[in-house]
Amino acid sequence: MYLVVALLLFACLDVTIKHLASRYPVPLVVAVRYIVHFSLMTAVLAPHAGMKLVQTQRTGLVLIRAACLLVVSLFMTLALQRMPVAEATSIQFLAPMLVVLLARPVLGEKIGFARWASVIAGFGGVLLIARPGGQVDPIGLGFVMCSVTAGAAYQLLSRVLIRTESPIAMLFHSALMGSLCFGALLPWYWSGVSPSWAEIAMFLSLGFTGGLGHLLFTMAYREAPASVLAPVNYLQLLWAGLLGWLVFAQVPDQLGLVGMAIVAASGVFIALHSRAGSDAA
């Protein structure tokens, strides 16, 4: 249940970002998201975690991981500015498949034929979504592919660092770096901005929704094995499609829906195959 609600919150976050990015500069939207997230995280966790928030053993890699997340946030926001939520979300799910391709040279993991076939099928699904003449903006597609690449690097670094680093410390450094980097741009983008009270609430909700979503996501993975929960992550595609239809009246065409289904099925198969391999081991 934790994961289902977390994925709904992530979809709500993307919808809110898309709305705000259509009216305000993208760096401003990303900056407010990180600053609110960092402020809430510090207020809630600092009294209990203390110095554990900042203590790391491999600080350089932790900061590189944080930088990858910043790139993901920036380019995904740029993509949502130009693309429907469902299509952008489905293409973003290529990141775990790219991790499979990179796991052998980077982590030394063996990749069987079944996972190779699933990755190829997933890329085929993206080609259906992003085919010429479809509904996907080519510039937006470029943005989301940049996000996918950075997301794969982020996930690989997470798998390397989780052996030595605290998840809370890694999350704190990501929020801190995002606040500092994008916050430094605020003087150039805040001038002349006069959001309504409703939009102020939306801006504030970015940090709250993202923070609560990540908290519930973490709680879910404490309650159940990752191999069991991994296929459920693709429920976010359903939430994204539903909210995109309700808020923006955007519905993928038939081939786009087929492509999204292929991406989801490929990802679920990879997750289940990984689980079977772990159980066999």
# chains A, B, ... in the order shown; residues from 1 in each chain; ligands from 1

$ residues_around --residues "region 172-174 of chain A" --least-positions-apart "2" --cutoff "7 Å" --atoms "only C-alpha atoms" --output "list of chain:residue names"
A:Leu53, A:Leu63, A:Ala66, A:Ile168, A:Ala169, A:Met170, A:Leu176, A:Met177, A:Gly178

$ residues_around --residues "Asp137 (chain A)" --least-positions-apart "5" --cutoff "12 Å" --atoms "only C-alpha atoms" --output "list of chain:residue names"
A:Leu78, A:Ala79, A:Leu80, A:Gln81, A:Arg82, A:Met83, A:Pro84, A:Glu87, A:Ala88, A:Ile129, A:Ala130, A:Arg131, A:Pro132, A:Gly142, A:Phe143, A:Val144

$ closest_residue --among "A:Leu28, A:Ser166, A:Gly213, A:Phe75" --to "Thr59 (chain A)" --atoms "only C-alpha atoms"
A:Ser166

$ residues_around --residues "Phe248 (chain A)" --least-positions-apart "6" --cutoff "10 Å" --atoms "only C-alpha atoms" --output "ChimeraX atom specification"
/A:15,18-19,84-85,242

$ write_last_selection --atoms "C-alpha atoms" --output "PDB file, in the first residue's frame"
ATOM      1  CA  VAL A  15       1.401  16.746 -13.258  1.00  0.00           C
ATOM      2  CA  LYS A  18       4.012  20.170 -16.006  1.00  0.00           C
ATOM      3  CA  HIS A  19       1.418  22.810 -15.090  1.00  0.00           C
ATOM      4  CA  PRO A  84       2.230  14.491 -22.246  1.00  0.00           C
ATOM      5  CA  VAL A  85       2.818  13.088 -18.770  1.00  0.00           C
ATOM      6  CA  LEU A 242      -5.102   8.763 -15.665  1.00  0.00           C
TER       7      LEU A 242
END
